[in-house]
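All remarks here apply to the structure that follows.
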Amino acid sequence: MALLRKINQILLFLLVLTICVILYNKVHKVPATLNNETVDLESPEELEEEIPVVLCAAAGRMGAAVAAISSIYSNTDANVLFYIVGLKNTIPHIRKWIENSKLKEIKYKIVEFNPMVLKGKIRPDASRPELLQPLNFVRYYLPLLIHKHDKVIYLDDDVIVQGDIQELYDTKLAPGHAAAFSDDCDLPSTHEMVRSVGMQNTYMGYLDYRKQTIRDLGISPSTCSFNPGVIVANMTEWKHQRITKQLEKWMQRNVEENLYSSTLGGGVATPPMLIVFHGKYSTIKPLWHVRHLGWSPDARYSEHFLQEAKLLHWNGRYKPWEYPSVHNDLWENWFIPDPSGKFKMIRPNS
């Protein structure tokens with residue numbers, strides 16, 4: 001009995017000693033480096049959620065992507081990772097531009113887009129050949145280009161961002177929705193602009209309703225369209241719903257049946273998205289996509305309205321780096337000159 005009591009006392013002593021050692025180590029942590037261990041301490045920035053922003057850098061208009069990136073980077077403290085998509089022959093130019101300007105501080109990845117994925121899917125169209133450029137279709141292939149993110153922002157290159165991109169990234173997508181867009185009927189302030197220059201903001205302006213295939217969709221021609229120049233995308237839903245395959249199917253149908261063309265209001269990249277996403281998308285706040293700035297060299301918005309806007313989009317023929325164009329001073333604020341001198345703005349006195 002005495003022996004058993006002694007064993008119990010020893011065990012109790014060892015237990016108390018163990019607890020004391022644990023408590024001591026918690027209070028007086030010994031740096032791991034003293035124990036020949038390496039410590040991988042992430043910076044606060046790395047612990048923040050990354051905001052992936054996808055933009056294209058196209059030959060002849062690379063300054064657009066630079067201005068867009070500059071505006072985003074300058075107006076946020078968020079942890080933005082830029083995915084800059086280009087064709088093989090343009091990648092060295094955009095890389096040099098970034099590395100030899102103040103943009104060298106941004107986090108970015110260069111992604112090469114292989115135009116062969118579009119073979120047999122684009123119908124030749126002589127009226128506006130610039131709309132057939134391969135990078136116009138990058139938005140169709142987001143999950144193939146961007147792998148590690150569940151949520152992605154895609155922006156056309158002819159935009160500038162005046163708000164904090166974090167706010168756009170925080171756009172809520174409804175369950176089952178693969179993307180969020182801006183409705184073309186969502187902002188009363190733009191309605192006068194739309195009417196004054198004869199723009200379409202319904203499906204009638206994009207799809208050829210004389211074709212039975214279009215009529216068979218059962219979509220009213222007066223349905224409000226949306227603009228896919230700004231997209232907040234859920235990559236999980238996009239892949240689950242096989243959105244890319246659906247878009248490619250309608251591209252191929254257009255090659256066979258001429259269901260839409262650039263002679264209609266929206267060119268050739270928008271119509272497949274209008275079909276595939278009809279009734280199945282969430283909406284972006286209107287001030288996060290103020291558009292049509294490039295539709296006419298004469299129609300202008302009020303300065304007060306433009307100051308309120310979070311994102312400006314020069315969709316249309318009249319780009320802010322060219323002449324004529326409107327509100328180009330707002331774009332120039334963010335433009336960074338090309339160190340190589342290849343890209344130059346076109347101005348009346350140039």
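By convention here, the chains of the structure tokens are called A, B, ... in the order presented, each chain's residues are numbered starting at 1, and ligands are numbered starting at 1 in the order presented.
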
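Residues in contact range of Leu287 of chain A, defined as at most 7 Å between only C-alpha atoms, with sequence neighbours fewer than 6 positions away removed, read Ala309, Lys310 and Leu311 of chain A.
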
Taking 3 positions as the minimum chain separation for residues in the same chain, which residues sit within 9 Å of Arg123 of chain A when counting only C-alpha atoms? Answer as a list in words.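 Residues near the query, excluding close chain neighbours: Gly120, Leu132, Met251, Gln252, Asn254, Val255, Glu256, Asn258, Ser261 and Val268 of chain A.
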
Produce a table with one row for each residue of segment 72-102 of chain A that has an atom at most 9 Å from any atom of segment 332-344 of chain A, each row naming the nearest atom pair and its distance in Å at one decimal; use only C-alpha atoms; arrange rows by chain and rising residue number; format as CSV.
residue,atom,partner,partner_atom,distance
A:Ser74,CA,A:Trp334,CA,8.7
A:His93,CA,A:Ser340,CA,8.3
A:Lys96,CA,A:Pro339,CA,8.0
A:Trp97,CA,A:Asp338,CA,6.1
A:Asn100,CA,A:Pro339,CA,6.7
A:Ser101,CA,A:Pro339,CA,7.5
A:Lys102,CA,A:Ile336,CA,8.4

Go ahead and save the picked residues with N, CA, C and O atoms, as a short mmCIF file (atom, residue, chain, number, x, y, z; two decimals), in the first residue's frame.
data_model
loop_
_atom_site.label_atom_id
_atom_site.label_comp_id
_atom_site.auth_asym_id
_atom_site.auth_seq_id
_atom_site.Cartn_x
_atom_site.Cartn_y
_atom_site.Cartn_z
N SER A 74 -3.91 52.62 -57.92
CA SER A 74 -3.81 53.90 -57.20
C SER A 74 -5.00 54.17 -56.28
O SER A 74 -4.91 55.03 -55.41
N HIS A 93 6.52 43.46 -74.74
CA HIS A 93 6.27 44.90 -74.68
C HIS A 93 5.61 45.29 -73.36
O HIS A 93 6.06 46.21 -72.66
N LYS A 96 7.97 44.91 -70.34
CA LYS A 96 8.96 45.98 -70.26
C LYS A 96 8.33 47.27 -69.77
O LYS A 96 8.93 48.02 -68.98
N TRP A 97 7.11 47.56 -70.22
CA TRP A 97 6.39 48.77 -69.81
C TRP A 97 6.19 48.78 -68.30
O TRP A 97 6.41 49.79 -67.62
N ASN A 100 9.56 49.05 -66.22
CA ASN A 100 10.30 50.31 -66.35
C ASN A 100 9.42 51.52 -66.06
O ASN A 100 9.66 52.61 -66.58
N SER A 101 8.41 51.33 -65.23
CA SER A 101 7.54 52.45 -64.83
C SER A 101 7.16 52.25 -63.36
O SER A 101 7.58 51.28 -62.73
N LYS A 102 6.35 53.15 -62.85
CA LYS A 102 5.96 53.02 -61.43
C LYS A 102 5.08 51.80 -61.19
O LYS A 102 4.85 51.40 -60.05
#

With 6 Å as the cut-off and only C-alpha atoms counted, what is the closest atom pair between each nearby residue of segment 88-187 of chain A and segment 227-243 of chain A? Distances in Å to one decimal, ordered by chain and number, as a tab-separated table.
residue	atom	partner	partner_atom	distance
A:Asp150	CA	A:Met235	CA	5.0
A:Lys151	CA	A:Asn234	CA	4.8
A:Val152	CA	A:Ala233	CA	5.2
A:Ile153	CA	A:Val232	CA	4.6
A:Tyr154	CA	A:Ile231	CA	5.0
A:Leu155	CA	A:Val230	CA	4.8
A:Asp156	CA	A:Gly229	CA	5.0
A:Ala178	CA	A:Glu237	CA	4.8
A:Ala179	CA	A:Ala233	CA	4.2
A:Ala180	CA	A:Val232	CA	5.1
A:Phe181	CA	A:Ile231	CA	5.5
A:Ser182	CA	A:Asn227	CA	5.8

Once DSSP has gone over the backbone, tell me which residues of segment 220-327 of chain A are in strand (DSSP E or B), as a PDB file with C-alpha atoms, in the first residue's frame.
ATOM      1  CA  CYS A 224     -32.860  44.537 -71.511  1.00  0.00           C
ATOM      2  CA  PHE A 226     -26.217  43.684 -70.356  1.00  0.00           C
ATOM      3  CA  ASN A 227     -22.632  44.719 -71.002  1.00  0.00           C
ATOM      4  CA  PRO A 228     -19.900  42.068 -70.463  1.00  0.00           C
ATOM      5  CA  GLY A 229     -17.063  44.604 -70.341  1.00  0.00           C
ATOM      6  CA  VAL A 230     -17.103  44.348 -66.537  1.00  0.00           C
ATOM      7  CA  ILE A 231     -17.639  40.895 -65.052  1.00  0.00           C
ATOM      8  CA  VAL A 232     -17.513  39.522 -61.534  1.00  0.00           C
ATOM      9  CA  ALA A 233     -17.312  35.766 -62.080  1.00  0.00           C
ATOM     10  CA  ASN A 234     -17.759  32.722 -59.872  1.00  0.00           C
ATOM     11  CA  SER A 282     -26.488  38.796 -60.794  1.00  0.00           C
ATOM     12  CA  THR A 283     -26.159  42.560 -61.184  1.00  0.00           C
ATOM     13  CA  VAL A 290     -20.746  53.842 -66.347  1.00  0.00           C
ATOM     14  CA  LEU A 311     -15.755  52.887 -63.133  1.00  0.00           C
ATOM     15  CA  LEU A 312     -15.791  54.563 -66.569  1.00  0.00           C
ATOM     16  CA  HIS A 313     -15.949  52.561 -69.794  1.00  0.00           C
TER      17      HIS A 313
END

Residues within 7 Å of Ile51 of chain A, please, as an MDAnalysis selection string. Count only C-alpha atoms; anything in the same chain fewer than 2 positions from it doesn't count. chainID A and resid 49 53 79:81

What separation in Å, quoted to one decimal, exists between atom CA of Arg291 of chain A and atom CA of Asp164 of chain A?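 Going from atom CA of Arg291 of chain A over to atom CA of Asp164 of chain A, I get 17.8 Å.
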
Would you please work out which residue, of A:Pro297, A:Pro286, A:Pro348, A:Gly316, is nearest to Thr171 of chain A when using only C-alpha atoms?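 Closest candidate: A:Pro286.
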
Please compute the atom CA of Leu145 of chain A-atom CA of Tyr203 of chain A distance, one decimal, in Å.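 Result for atom CA of Leu145 of chain A versus atom CA of Tyr203 of chain A: 29.0 Å, one decimal.
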
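Interatomic distance, atom CA of Ile346 of chain A against atom CA of Arg317 of chain A: 14.1 Å.
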
Long-range neighbours of segment 107-116 of chain A as a PyMOL selection string, 7 Å cut-off, only C-alpha atoms, 4 positions minimum in chain: chain A and resi 80-88+134

Once you have the residues from the selection above, write them out as a PDB file, in the first residue's frame, restricted to C-alpha atoms.
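Heads up, here's the output in selection_18.pdb:
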ATOM      1  CA  VAL A  80      -4.761  42.959 -56.036  1.00  0.00           C
ATOM      2  CA  LEU A  81      -3.181  40.394 -58.334  1.00  0.00           C
ATOM      3  CA  PHE A  82      -3.329  41.454 -61.978  1.00  0.00           C
ATOM      4  CA  TYR A  83      -3.574  38.782 -64.654  1.00  0.00           C
ATOM      5  CA  ILE A  84      -2.430  40.488 -67.846  1.00  0.00           C
ATOM      6  CA  VAL A  85      -3.418  38.451 -70.882  1.00  0.00           C
ATOM      7  CA  GLY A  86      -1.697  38.919 -74.215  1.00  0.00           C
ATOM      8  CA  LEU A  87      -0.664  37.201 -77.402  1.00  0.00           C
ATOM      9  CA  LYS A  88       2.850  35.817 -77.652  1.00  0.00           C
ATOM     10  CA  PRO A 134      -8.668  37.072 -80.372  1.00  0.00           C
TER      11      PRO A 134
END

Can you tell me, as a list in words, what residues are no more than 8 Å from Leu247 of chain A when counting only C-alpha atoms, ignoring any on the same chain fewer than 3 positions away?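 That gives Tyr140, Ile243, Thr244, Trp250, Met251, Pro272, Met273 and Val276 of chain A.
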
Go ahead and write the selection's residues with N, CA, C and O atoms as a PDB file, in the first residue's frame.
ATOM      1  N   TYR A 140     -14.394  34.538 -72.351  1.00  0.00           N
ATOM      2  CA  TYR A 140     -15.038  33.230 -72.467  1.00  0.00           C
ATOM      3  C   TYR A 140     -14.237  32.133 -71.758  1.00  0.00           C
ATOM      4  O   TYR A 140     -14.797  31.103 -71.387  1.00  0.00           O
ATOM      5  N   ILE A 243     -19.873  26.854 -68.835  1.00  0.00           N
ATOM      6  CA  ILE A 243     -20.188  28.104 -69.531  1.00  0.00           C
ATOM      7  C   ILE A 243     -19.350  28.259 -70.796  1.00  0.00           C
ATOM      8  O   ILE A 243     -19.856  28.644 -71.859  1.00  0.00           O
ATOM      9  N   THR A 244     -18.062  27.955 -70.709  1.00  0.00           N
ATOM     10  CA  THR A 244     -17.189  28.112 -71.880  1.00  0.00           C
ATOM     11  C   THR A 244     -17.692  27.264 -73.041  1.00  0.00           C
ATOM     12  O   THR A 244     -17.740  27.732 -74.188  1.00  0.00           O
ATOM     13  N   TRP A 250     -22.486  28.537 -79.283  1.00  0.00           N
ATOM     14  CA  TRP A 250     -23.179  29.618 -79.977  1.00  0.00           C
ATOM     15  C   TRP A 250     -22.269  30.336 -80.967  1.00  0.00           C
ATOM     16  O   TRP A 250     -22.734  30.853 -81.991  1.00  0.00           O
ATOM     17  N   MET A 251     -20.980  30.348 -80.700  1.00  0.00           N
ATOM     18  CA  MET A 251     -20.048  30.874 -81.701  1.00  0.00           C
ATOM     19  C   MET A 251     -20.093  30.025 -82.970  1.00  0.00           C
ATOM     20  O   MET A 251     -20.131  30.552 -84.091  1.00  0.00           O
ATOM     21  N   PRO A 272     -23.242  35.822 -77.722  1.00  0.00           N
ATOM     22  CA  PRO A 272     -23.275  34.509 -77.069  1.00  0.00           C
ATOM     23  C   PRO A 272     -23.476  34.610 -75.557  1.00  0.00           C
ATOM     24  O   PRO A 272     -24.137  33.761 -74.949  1.00  0.00           O
ATOM     25  N   MET A 273     -22.918  35.657 -74.948  1.00  0.00           N
ATOM     26  CA  MET A 273     -23.076  35.820 -73.504  1.00  0.00           C
ATOM     27  C   MET A 273     -24.514  36.194 -73.152  1.00  0.00           C
ATOM     28  O   MET A 273     -25.058  35.730 -72.146  1.00  0.00           O
ATOM     29  N   VAL A 276     -26.379  32.776 -73.348  1.00  0.00           N
ATOM     30  CA  VAL A 276     -26.019  31.796 -72.316  1.00  0.00           C
ATOM     31  C   VAL A 276     -26.420  32.265 -70.917  1.00  0.00           C
ATOM     32  O   VAL A 276     -26.867  31.460 -70.085  1.00  0.00           O
TER      33      VAL A 276
END

A:Trp295, A:Ser70, A:Asp184, A:Leu306: which is nearest Asp329 of chain A, counting only C-alpha atoms?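 Nearest candidate to Asp329 of chain A out of A:Trp295, A:Ser70, A:Asp184, A:Leu306: A:Leu306.
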
Residue neighbourhood Met345 of chain A, 12 Å, only C-alpha atoms, exclusion window fewer than 4 positions, as a ChimeraX atom specification: /A:60-64,67,319-325,328-329,331-332,335-338,341,349-350

Considering only helix (DSSP H, G or I) as DSSP defines it on the backbone, what residues of segment 66-209 of chain A qualify? List them as a PyMOL selection string. chain A and resi 66-74+91-99+102-105+115-118+129-132+134-145+165-169+188-196+203-205
